[in-house]
Amino acid sequence: FEECLRMYDLDEVLKGGRSNEQPKHKIALIHDALVLGIRDYFHKLGFKKAILGLSGGIDSAVTAVLAARALGAENVRGILMPSQFSSEHSVNDARQLAQNLGMPHDLVPIQPMYAAFESTLQPLFLDRPFDVTEENIQARVRGVIVMALSNKFGNILLNTTNKSEMAVGYGTLYGDLCGGLAVLADVYKTEIYELARYLNKDGEVIPKSTMEKPPSAELRPGQKDSDSLPPYEVLDKLLFQYIEGRQGPRELVAMGFDEALVKRVLRMVNINEFKREQAAPVLRVSTKGFGMGRRMPIVGKYLS
């Protein structure tokens, strides 16, 4: 993923000689591929500046560091958009990340806008209790803010969704799935943590607390990803075998995965194809990335 010049002795080549260069580790290659992908996307299309939401979570942190390395930190703008459910440490982590990178950032609390939507919609909701509807409103309020800034200043919005979330539909259309480029949508959540450690190998850029806290969308009190998803260590192995390995339910169960879990996860993948159909273009770094790399019927009943 970088230009180079190499000299070869043809006599040695004919004898079967090989390069002494050590191959790069997988995570290092993913890093180089993503940085090059961002840079090429922007430079070849004539774009200069990027914008993204900084939540204090690991996905937006990794995306911000990659974008800063590809475009220069001064060309990446982070928007912190806490709600009443956002923890103080998440806001602090996002601010610390921006300061570590030297990237411009702004704080835009969304509670007043969310309250306006809540007040307007309350008569129509017929006193139904708080559920995923209100969670999605928060995500879409944030989407409106970053897209408005993108339009006003010509900055391209970077989507921060990872492959695990993209696979099971753990994202809100017209909310956190907005974007001109999905940087991490071909990188599983467990790989995101490896990538974060790689980004920090020469010094802490991503705050330690960002890497240690349990993943959460922070759209309701005490929310954690594990409330609705299996542990990522299990989920990612299953998704890899289904997506890249192209293994069906019987094969997955034979491999040792719990049958109920297989049915549940594969159903989540299949019923959320409509979201991926509308998602931002994905930087592909695997053998089977979403988008042009994996196109499936939206209403297929092939596993029912």
# chains A, B, ... in the order shown; residues from 1 in each chain; ligands from 1

call {"tool": "residues_around", "arguments": {"residues": "A:Ile38", "least_positions_apart": "3", "cutoff": "9 Å", "atoms": "only C-alpha atoms", "output": "PyMOL selection string"}}
result
chain A and resi 33-35+41-43+66-67+70-71+181+183+283

call {"tool": "write_last_selection", "arguments": {"atoms": "all heavy atoms", "output": "mmCIF file, in the first residue's frame"}}
result
data_model
loop_
_atom_site.group_PDB
_atom_site.id
_atom_site.type_symbol
_atom_site.label_atom_id
_atom_site.label_comp_id
_atom_site.auth_asym_id
_atom_site.auth_seq_id
_atom_site.Cartn_x
_atom_site.Cartn_y
_atom_site.Cartn_z
ATOM 1 N N ALA A 33 -3.799 -0.150 4.419
ATOM 2 C CA ALA A 33 -4.852 -0.176 3.403
ATOM 3 C C ALA A 33 -5.896 0.911 3.664
ATOM 4 O O ALA A 33 -6.346 1.601 2.739
ATOM 5 C CB ALA A 33 -5.519 -1.546 3.365
ATOM 6 N N LEU A 34 -6.298 1.071 4.924
ATOM 7 C CA LEU A 34 -7.326 2.054 5.261
ATOM 8 C C LEU A 34 -6.820 3.480 5.091
ATOM 9 O O LEU A 34 -7.539 4.352 4.594
ATOM 10 C CB LEU A 34 -7.823 1.831 6.687
ATOM 11 C CG LEU A 34 -8.582 0.513 6.926
ATOM 12 C CD1 LEU A 34 -8.896 0.331 8.405
ATOM 13 C CD2 LEU A 34 -9.856 0.459 6.100
ATOM 14 N N VAL A 35 -5.581 3.724 5.507
ATOM 15 C CA VAL A 35 -5.016 5.065 5.333
ATOM 16 C C VAL A 35 -4.930 5.406 3.848
ATOM 17 O O VAL A 35 -5.313 6.505 3.419
ATOM 18 C CB VAL A 35 -3.625 5.158 5.996
ATOM 19 C CG1 VAL A 35 -2.934 6.473 5.616
ATOM 20 C CG2 VAL A 35 -3.756 5.066 7.514
ATOM 21 N N TYR A 41 -9.511 8.177 -1.790
ATOM 22 C CA TYR A 41 -10.911 8.586 -1.945
ATOM 23 C C TYR A 41 -11.016 10.106 -1.982
ATOM 24 O O TYR A 41 -11.701 10.679 -2.835
ATOM 25 C CB TYR A 41 -11.740 8.015 -0.793
ATOM 26 C CG TYR A 41 -13.220 8.315 -0.868
ATOM 27 C CD1 TYR A 41 -14.075 7.512 -1.613
ATOM 28 C CD2 TYR A 41 -13.776 9.395 -0.185
ATOM 29 C CE1 TYR A 41 -15.434 7.774 -1.670
ATOM 30 C CE2 TYR A 41 -15.124 9.676 -0.236
ATOM 31 C CZ TYR A 41 -15.955 8.852 -0.984
ATOM 32 O OH TYR A 41 -17.300 9.127 -1.046
ATOM 33 N N PHE A 42 -10.315 10.764 -1.068
ATOM 34 C CA PHE A 42 -10.387 12.222 -0.989
ATOM 35 C C PHE A 42 -9.611 12.891 -2.123
ATOM 36 O O PHE A 42 -10.138 13.733 -2.847
ATOM 37 C CB PHE A 42 -9.872 12.707 0.373
ATOM 38 C CG PHE A 42 -10.917 12.670 1.444
ATOM 39 C CD1 PHE A 42 -11.327 11.467 1.998
ATOM 40 C CD2 PHE A 42 -11.517 13.839 1.885
ATOM 41 C CE1 PHE A 42 -12.302 11.428 2.975
ATOM 42 C CE2 PHE A 42 -12.501 13.818 2.868
ATOM 43 C CZ PHE A 42 -12.897 12.599 3.413
ATOM 44 N N HIS A 43 -8.363 12.518 -2.283
ATOM 45 C CA HIS A 43 -7.518 13.221 -3.252
ATOM 46 C C HIS A 43 -7.974 13.002 -4.695
ATOM 47 O O HIS A 43 -7.993 13.944 -5.493
ATOM 48 C CB HIS A 43 -6.074 12.776 -3.083
ATOM 49 C CG HIS A 43 -5.466 13.261 -1.801
ATOM 50 N ND1 HIS A 43 -4.178 12.966 -1.414
ATOM 51 C CD2 HIS A 43 -5.974 14.048 -0.809
ATOM 52 C CE1 HIS A 43 -3.926 13.530 -0.242
ATOM 53 N NE2 HIS A 43 -5.004 14.179 0.144
ATOM 54 N N LEU A 66 -7.037 7.326 11.822
ATOM 55 C CA LEU A 66 -6.736 6.937 10.440
ATOM 56 C C LEU A 66 -6.916 8.123 9.490
ATOM 57 O O LEU A 66 -6.096 8.355 8.599
ATOM 58 C CB LEU A 66 -7.641 5.782 10.013
ATOM 59 C CG LEU A 66 -7.411 4.443 10.721
ATOM 60 C CD1 LEU A 66 -8.529 3.462 10.357
ATOM 61 C CD2 LEU A 66 -6.056 3.846 10.348
ATOM 62 N N ALA A 67 -7.999 8.880 9.690
ATOM 63 C CA ALA A 67 -8.258 10.037 8.827
ATOM 64 C C ALA A 67 -7.184 11.096 9.007
ATOM 65 O O ALA A 67 -6.746 11.721 8.032
ATOM 66 C CB ALA A 67 -9.640 10.622 9.136
ATOM 67 N N ALA A 70 -4.192 10.075 7.143
ATOM 68 C CA ALA A 70 -4.379 10.115 5.693
ATOM 69 C C ALA A 70 -4.454 11.539 5.160
ATOM 70 O O ALA A 70 -3.935 11.830 4.068
ATOM 71 C CB ALA A 70 -5.654 9.358 5.313
ATOM 72 N N LEU A 71 -5.087 12.436 5.908
ATOM 73 C CA LEU A 71 -5.400 13.767 5.396
ATOM 74 C C LEU A 71 -4.710 14.899 6.139
ATOM 75 O O LEU A 71 -4.714 16.039 5.661
ATOM 76 C CB LEU A 71 -6.924 14.004 5.460
ATOM 77 C CG LEU A 71 -7.814 12.945 4.814
ATOM 78 C CD1 LEU A 71 -9.268 13.224 5.134
ATOM 79 C CD2 LEU A 71 -7.591 12.883 3.315
ATOM 80 N N LEU A 181 -18.203 7.852 3.194
ATOM 81 C CA LEU A 181 -17.271 6.738 3.132
ATOM 82 C C LEU A 181 -17.322 5.984 4.454
ATOM 83 O O LEU A 181 -17.182 6.583 5.525
ATOM 84 C CB LEU A 181 -15.845 7.235 2.877
ATOM 85 C CG LEU A 181 -14.757 6.170 2.766
ATOM 86 C CD1 LEU A 181 -14.966 5.322 1.508
ATOM 87 C CD2 LEU A 181 -13.370 6.807 2.756
ATOM 88 N N VAL A 183 -15.393 3.847 6.660
ATOM 89 C CA VAL A 183 -13.971 3.525 6.806
ATOM 90 C C VAL A 183 -13.745 2.145 7.403
ATOM 91 O O VAL A 183 -12.875 1.392 6.944
ATOM 92 C CB VAL A 183 -13.281 4.599 7.672
ATOM 93 C CG1 VAL A 183 -11.830 4.224 7.936
ATOM 94 C CG2 VAL A 183 -13.368 5.962 6.992
ATOM 95 N N LEU A 283 -14.661 0.721 2.470
ATOM 96 C CA LEU A 283 -13.264 0.420 2.139
ATOM 97 C C LEU A 283 -13.028 -1.066 2.401
ATOM 98 O O LEU A 283 -13.073 -1.516 3.535
ATOM 99 C CB LEU A 283 -12.314 1.255 2.999
ATOM 100 C CG LEU A 283 -12.138 2.722 2.617
ATOM 101 C CD1 LEU A 283 -11.176 3.409 3.581
ATOM 102 C CD2 LEU A 283 -11.641 2.860 1.190
#

call {"tool": "residues_around", "arguments": {"residues": "A:Leu149", "least_positions_apart": "3", "cutoff": "12 Å", "atoms": "only C-alpha atoms", "output": "PDB file with N, CA and C atoms, in the first residue's frame"}}
result
ATOM      1  N   LYS A  49     -11.291  17.951   3.064  1.00  0.00           N
ATOM      2  CA  LYS A  49     -11.553  17.903   4.498  1.00  0.00           C
ATOM      3  C   LYS A  49     -12.635  16.881   4.846  1.00  0.00           C
ATOM      4  N   ALA A  50     -12.476  16.297   6.042  1.00  0.00           N
ATOM      5  CA  ALA A  50     -13.418  15.284   6.522  1.00  0.00           C
ATOM      6  C   ALA A  50     -14.045  15.755   7.828  1.00  0.00           C
ATOM      7  N   ILE A  51     -15.201  15.191   8.132  1.00  0.00           N
ATOM      8  CA  ILE A  51     -15.881  15.456   9.392  1.00  0.00           C
ATOM      9  C   ILE A  51     -16.409  14.130   9.911  1.00  0.00           C
ATOM     10  N   LEU A  52     -16.478  13.977  11.225  1.00  0.00           N
ATOM     11  CA  LEU A  52     -17.051  12.767  11.807  1.00  0.00           C
ATOM     12  C   LEU A  52     -17.518  13.063  13.211  1.00  0.00           C
ATOM     13  N   GLY A  53     -18.454  12.236  13.689  1.00  0.00           N
ATOM     14  CA  GLY A  53     -18.900  12.346  15.061  1.00  0.00           C
ATOM     15  C   GLY A  53     -17.936  11.621  15.982  1.00  0.00           C
ATOM     16  N   ARG A  77     -12.364  17.233  11.158  1.00  0.00           N
ATOM     17  CA  ARG A  77     -13.120  17.938  12.198  1.00  0.00           C
ATOM     18  C   ARG A  77     -13.997  16.952  12.967  1.00  0.00           C
ATOM     19  N   GLY A  78     -13.835  16.929  14.270  1.00  0.00           N
ATOM     20  CA  GLY A  78     -14.634  16.043  15.109  1.00  0.00           C
ATOM     21  C   GLY A  78     -15.759  16.793  15.791  1.00  0.00           C
ATOM     22  N   ILE A  79     -16.944  16.178  15.822  1.00  0.00           N
ATOM     23  CA  ILE A  79     -18.110  16.791  16.465  1.00  0.00           C
ATOM     24  C   ILE A  79     -18.554  15.904  17.627  1.00  0.00           C
ATOM     25  N   ASP A 106     -15.671  20.354  18.022  1.00  0.00           N
ATOM     26  CA  ASP A 106     -16.737  21.191  18.566  1.00  0.00           C
ATOM     27  C   ASP A 106     -17.650  20.335  19.431  1.00  0.00           C
ATOM     28  N   VAL A 108     -21.457  19.882  20.620  1.00  0.00           N
ATOM     29  CA  VAL A 108     -22.835  20.253  20.272  1.00  0.00           C
ATOM     30  C   VAL A 108     -23.794  19.323  21.024  1.00  0.00           C
ATOM     31  N   ARG A 142     -28.138  13.431  15.570  1.00  0.00           N
ATOM     32  CA  ARG A 142     -26.697  13.543  15.336  1.00  0.00           C
ATOM     33  C   ARG A 142     -26.388  13.518  13.843  1.00  0.00           C
ATOM     34  N   GLY A 143     -27.111  12.668  13.111  1.00  0.00           N
ATOM     35  CA  GLY A 143     -26.909  12.605  11.671  1.00  0.00           C
ATOM     36  C   GLY A 143     -27.230  13.926  10.994  1.00  0.00           C
ATOM     37  N   VAL A 144     -28.292  14.579  11.441  1.00  0.00           N
ATOM     38  CA  VAL A 144     -28.671  15.877  10.874  1.00  0.00           C
ATOM     39  C   VAL A 144     -27.571  16.911  11.125  1.00  0.00           C
ATOM     40  N   ILE A 145     -27.005  16.892  12.316  1.00  0.00           N
ATOM     41  CA  ILE A 145     -25.983  17.890  12.677  1.00  0.00           C
ATOM     42  C   ILE A 145     -24.735  17.723  11.808  1.00  0.00           C
ATOM     43  N   VAL A 146     -24.204  16.500  11.753  1.00  0.00           N
ATOM     44  CA  VAL A 146     -22.957  16.314  10.998  1.00  0.00           C
ATOM     45  C   VAL A 146     -23.183  16.482   9.499  1.00  0.00           C
ATOM     46  N   LYS A 152     -22.564  22.564   4.711  1.00  0.00           N
ATOM     47  CA  LYS A 152     -22.218  23.983   4.842  1.00  0.00           C
ATOM     48  C   LYS A 152     -20.749  24.260   4.514  1.00  0.00           C
ATOM     49  N   PHE A 153     -19.877  23.336   4.898  1.00  0.00           N
ATOM     50  CA  PHE A 153     -18.440  23.587   4.741  1.00  0.00           C
ATOM     51  C   PHE A 153     -17.772  22.667   3.714  1.00  0.00           C
ATOM     52  N   GLY A 154     -18.541  21.787   3.096  1.00  0.00           N
ATOM     53  CA  GLY A 154     -17.973  20.922   2.067  1.00  0.00           C
ATOM     54  C   GLY A 154     -17.096  19.812   2.605  1.00  0.00           C
ATOM     55  N   ASN A 155     -17.274  19.468   3.878  1.00  0.00           N
ATOM     56  CA  ASN A 155     -16.520  18.359   4.461  1.00  0.00           C
ATOM     57  C   ASN A 155     -17.232  17.037   4.208  1.00  0.00           C
ATOM     58  N   ILE A 156     -16.476  16.003   3.877  1.00  0.00           N
ATOM     59  CA  ILE A 156     -17.071  14.691   3.635  1.00  0.00           C
ATOM     60  C   ILE A 156     -17.213  13.942   4.953  1.00  0.00           C
ATOM     61  N   LEU A 157     -18.426  13.453   5.226  1.00  0.00           N
ATOM     62  CA  LEU A 157     -18.684  12.743   6.476  1.00  0.00           C
ATOM     63  C   LEU A 157     -18.131  11.324   6.412  1.00  0.00           C
TER      64      LEU A 157
END

call {"tool": "closest_residue", "arguments": {"among": "A:Glu3, A:Glu74, A:Asp186, A:Asp11", "to": "A:Ile243", "atoms": "only C-alpha atoms"}}
result
A:Asp186

call {"tool": "closest_atom_pairs", "arguments": {"of": "stretch 233-268 of chain A", "to": "stretch 162-167 of chain A", "cutoff": "8 Å", "atoms": "only C-alpha atoms", "output": "Markdown table"}}
result
| residue | atom | partner | partner_atom | distance |
| --- | --- | --- | --- | --- |
| A:Leu235 | CA | A:Ser164 | CA | 7.7 |
| A:Asp236 | CA | A:Ser164 | CA | 6.5 |
| A:Leu239 | CA | A:Ser164 | CA | 7.5 |
| A:Met268 | CA | A:Ala167 | CA | 7.7 |

call {"tool": "closest_residue", "arguments": {"among": "A:Met296, A:Leu5, A:Ala254, A:Val132", "to": "A:Asn272", "atoms": "only C-alpha atoms"}}
result
A:Met296

call {"tool": "select_by_dssp", "arguments": {"residues": "stretch 115-277 of chain A", "states": "alpha helix (DSSP H)", "output": "ChimeraX atom specification"}}
result
/A:115-125,132-153,163-168,189-199,208-212,232-243,249-254,259-271,273-277

call {"tool": "closest_residue", "arguments": {"among": "A:Ile137, A:Val76, A:Leu54, A:Val269", "to": "A:Leu107", "atoms": "only C-alpha atoms"}}
result
A:Leu54

call {"tool": "atom_distance", "arguments": {"atom1": "atom CA of A:Gly169", "atom2": "atom CA of A:Ala94"}}
result
24.6 Å

call {"tool": "atom_distance", "arguments": {"atom1": "atom CA of A:Glu134", "atom2": "atom CA of A:Ser86"}}
result
14.3 Å

call {"tool": "select_by_dssp", "arguments": {"residues": "stretch 39-167 of chain A", "states": "strand (DSSP E)", "output": "PyMOL selection string"}}
result
chain A and resi 50-53+76-80+105-107+156-159

call {"tool": "write_last_selection", "arguments": {"atoms": "all heavy atoms", "output": "short mmCIF file (atom, residue, chain, number, x, y, z; two decimals), in the first residue's frame"}}
result
data_model
loop_
_atom_site.label_atom_id
_atom_site.label_comp_id
_atom_site.auth_asym_id
_atom_site.auth_seq_id
_atom_site.Cartn_x
_atom_site.Cartn_y
_atom_site.Cartn_z
N ALA A 50 -12.48 16.30 6.04
CA ALA A 50 -13.42 15.28 6.52
C ALA A 50 -14.05 15.76 7.83
O ALA A 50 -13.50 16.59 8.55
CB ALA A 50 -12.70 13.96 6.73
N ILE A 51 -15.20 15.19 8.13
CA ILE A 51 -15.88 15.46 9.39
C ILE A 51 -16.41 14.13 9.91
O ILE A 51 -16.74 13.23 9.13
CB ILE A 51 -17.02 16.48 9.21
CG1 ILE A 51 -17.57 16.93 10.55
CG2 ILE A 51 -18.14 15.93 8.32
CD1 ILE A 51 -18.54 18.11 10.45
N LEU A 52 -16.48 13.98 11.22
CA LEU A 52 -17.05 12.77 11.81
C LEU A 52 -17.52 13.06 13.21
O LEU A 52 -17.06 14.01 13.86
CB LEU A 52 -16.05 11.62 11.82
CG LEU A 52 -14.92 11.63 12.86
CD1 LEU A 52 -14.34 10.24 13.04
CD2 LEU A 52 -13.82 12.60 12.48
N GLY A 53 -18.45 12.24 13.69
CA GLY A 53 -18.90 12.35 15.06
C GLY A 53 -17.94 11.62 15.98
O GLY A 53 -17.55 10.49 15.70
N VAL A 76 -9.36 17.25 9.53
CA VAL A 76 -10.38 16.35 10.08
C VAL A 76 -11.06 17.04 11.25
O VAL A 76 -10.42 17.42 12.23
CB VAL A 76 -9.76 15.02 10.54
CG1 VAL A 76 -10.86 14.07 11.02
CG2 VAL A 76 -8.96 14.37 9.42
N ARG A 77 -12.36 17.23 11.16
CA ARG A 77 -13.12 17.94 12.20
C ARG A 77 -14.00 16.95 12.97
O ARG A 77 -14.78 16.21 12.37
CB ARG A 77 -13.99 19.02 11.57
CG ARG A 77 -14.77 19.89 12.56
CD ARG A 77 -15.59 20.93 11.80
NE ARG A 77 -16.31 21.83 12.70
CZ ARG A 77 -17.14 22.78 12.29
NH1 ARG A 77 -17.35 22.95 10.99
NH2 ARG A 77 -17.77 23.55 13.17
N GLY A 78 -13.84 16.93 14.27
CA GLY A 78 -14.63 16.04 15.11
C GLY A 78 -15.76 16.79 15.79
O GLY A 78 -15.56 17.91 16.30
N ILE A 79 -16.94 16.18 15.82
CA ILE A 79 -18.11 16.79 16.46
C ILE A 79 -18.55 15.90 17.63
O ILE A 79 -18.93 14.75 17.43
CB ILE A 79 -19.27 16.97 15.48
CG1 ILE A 79 -18.80 17.69 14.21
CG2 ILE A 79 -20.41 17.75 16.14
CD1 ILE A 79 -18.27 19.09 14.44
N LEU A 80 -18.47 16.45 18.84
CA LEU A 80 -18.93 15.75 20.03
C LEU A 80 -20.39 16.11 20.26
O LEU A 80 -20.73 17.29 20.40
CB LEU A 80 -18.10 16.17 21.25
CG LEU A 80 -16.64 15.72 21.34
CD1 LEU A 80 -15.77 16.32 20.24
CD2 LEU A 80 -16.07 16.06 22.71
N HIS A 105 -12.26 20.48 16.87
CA HIS A 105 -13.43 19.76 17.37
C HIS A 105 -14.41 20.73 18.01
O HIS A 105 -14.03 21.82 18.46
CB HIS A 105 -13.03 18.67 18.36
CG HIS A 105 -12.27 19.19 19.56
ND1 HIS A 105 -10.95 19.56 19.49
CD2 HIS A 105 -12.66 19.40 20.84
CE1 HIS A 105 -10.55 19.96 20.68
NE2 HIS A 105 -11.56 19.89 21.51
N ASP A 106 -15.67 20.35 18.02
CA ASP A 106 -16.74 21.19 18.57
C ASP A 106 -17.65 20.33 19.43
O ASP A 106 -17.86 19.15 19.15
CB ASP A 106 -17.56 21.82 17.44
CG ASP A 106 -16.72 22.68 16.52
OD1 ASP A 106 -16.48 23.84 16.86
OD2 ASP A 106 -16.29 22.17 15.47
N LEU A 107 -18.21 20.95 20.44
CA LEU A 107 -19.17 20.28 21.33
C LEU A 107 -20.57 20.80 21.02
O LEU A 107 -20.83 22.00 21.11
CB LEU A 107 -18.81 20.56 22.80
CG LEU A 107 -19.74 19.94 23.84
CD1 LEU A 107 -19.59 18.42 23.84
CD2 LEU A 107 -19.44 20.50 25.23
N ILE A 156 -16.48 16.00 3.88
CA ILE A 156 -17.07 14.69 3.63
C ILE A 156 -17.21 13.94 4.95
O ILE A 156 -16.25 13.82 5.72
CB ILE A 156 -16.21 13.87 2.65
CG1 ILE A 156 -16.06 14.62 1.33
CG2 ILE A 156 -16.82 12.49 2.43
CD1 ILE A 156 -17.36 14.94 0.64
N LEU A 157 -18.43 13.45 5.23
CA LEU A 157 -18.68 12.74 6.48
C LEU A 157 -18.13 11.32 6.41
O LEU A 157 -18.44 10.56 5.49
CB LEU A 157 -20.19 12.70 6.76
CG LEU A 157 -20.63 11.90 7.99
CD1 LEU A 157 -19.99 12.47 9.26
CD2 LEU A 157 -22.13 11.87 8.09
N LEU A 158 -17.32 10.98 7.40
CA LEU A 158 -16.79 9.63 7.52
C LEU A 158 -17.69 8.81 8.44
O LEU A 158 -17.97 9.20 9.57
CB LEU A 158 -15.37 9.65 8.08
CG LEU A 158 -14.31 10.35 7.22
CD1 LEU A 158 -12.96 10.32 7.92
CD2 LEU A 158 -14.22 9.71 5.84
N ASN A 159 -18.15 7.68 7.93
CA ASN A 159 -18.95 6.76 8.74
C ASN A 159 -18.02 5.90 9.57
O ASN A 159 -16.97 5.46 9.10
CB ASN A 159 -19.82 5.90 7.82
CG ASN A 159 -20.67 4.91 8.59
OD1 ASN A 159 -20.22 3.84 8.93
ND2 ASN A 159 -21.89 5.28 8.87
#

call {"tool": "closest_residue", "arguments": {"among": "A:Ala148, A:Leu29, A:Ala139, A:Leu126", "to": "A:Glu218", "atoms": "only C-alpha atoms"}}
result
A:Ala139

call {"tool": "residues_around", "arguments": {"residues": "stretch 202-216 of chain A", "least_positions_apart": "5", "cutoff": "12 Å", "atoms": "only C-alpha atoms", "output": "count of residues only"}}
result
54

call {"tool": "closest_residue", "arguments": {"among": "A:Pro23, A:Arg250, A:Leu199, A:Leu266", "to": "A:Leu238", "atoms": "only C-alpha atoms"}}
result
A:Leu266

call {"tool": "closest_residue", "arguments": {"among": "A:Val282, A:Glu118, A:Phe290, A:Pro230", "to": "A:Leu261", "atoms": "only C-alpha atoms"}}
result
A:Pro230

call {"tool": "atom_distance", "arguments": {"atom1": "atom CA of A:Ala182", "atom2": "atom CA of A:Glu273"}}
result
15.9 Å

call {"tool": "residues_around", "arguments": {"residues": "A:Val141", "least_positions_apart": "4", "cutoff": "12 Å", "atoms": "only C-alpha atoms", "output": "ChimeraX atom specification"}}
result
/A:53,81-83,108-118,134-137,145-148,172-176,178

call {"tool": "write_last_selection", "arguments": {"atoms": "C-alpha atoms", "output": "mmCIF file, in the first residue's frame"}}
result
data_model
loop_
_atom_site.group_PDB
_atom_site.id
_atom_site.type_symbol
_atom_site.label_atom_id
_atom_site.label_comp_id
_atom_site.auth_asym_id
_atom_site.auth_seq_id
_atom_site.Cartn_x
_atom_site.Cartn_y
_atom_site.Cartn_z
ATOM 1 C CA GLY A 53 -18.900 12.346 15.061
ATOM 2 C CA MET A 81 -22.705 15.344 20.391
ATOM 3 C CA PRO A 82 -23.543 14.166 23.909
ATOM 4 C CA SER A 83 -27.104 13.456 24.993
ATOM 5 C CA VAL A 108 -22.835 20.253 20.272
ATOM 6 C CA PRO A 109 -25.177 18.828 22.965
ATOM 7 C CA ILE A 110 -28.225 17.219 21.369
ATOM 8 C CA GLN A 111 -30.591 17.179 24.348
ATOM 9 C CA PRO A 112 -32.493 20.377 23.353
ATOM 10 C CA MET A 113 -33.096 19.047 19.835
ATOM 11 C CA TYR A 114 -34.043 15.608 21.115
ATOM 12 C CA ALA A 115 -36.466 17.201 23.595
ATOM 13 C CA ALA A 116 -38.093 19.143 20.749
ATOM 14 C CA PHE A 117 -38.666 15.952 18.774
ATOM 15 C CA GLU A 118 -39.942 14.187 21.885
ATOM 16 C CA GLU A 134 -36.330 7.240 21.012
ATOM 17 C CA GLU A 135 -32.867 5.702 20.639
ATOM 18 C CA ASN A 136 -33.044 6.129 16.871
ATOM 19 C CA ILE A 137 -34.212 9.739 17.195
ATOM 20 C CA ILE A 145 -25.983 17.890 12.677
ATOM 21 C CA VAL A 146 -22.957 16.314 10.998
ATOM 22 C CA MET A 147 -24.642 16.302 7.576
ATOM 23 C CA ALA A 148 -25.553 19.984 7.970
ATOM 24 C CA THR A 172 -29.689 3.513 12.469
ATOM 25 C CA LEU A 173 -30.493 4.428 8.894
ATOM 26 C CA TYR A 174 -30.241 8.192 8.338
ATOM 27 C CA GLY A 175 -28.472 8.383 11.709
ATOM 28 C CA ASP A 176 -25.135 6.794 12.540
ATOM 29 C CA CYS A 178 -24.865 8.378 7.341
#
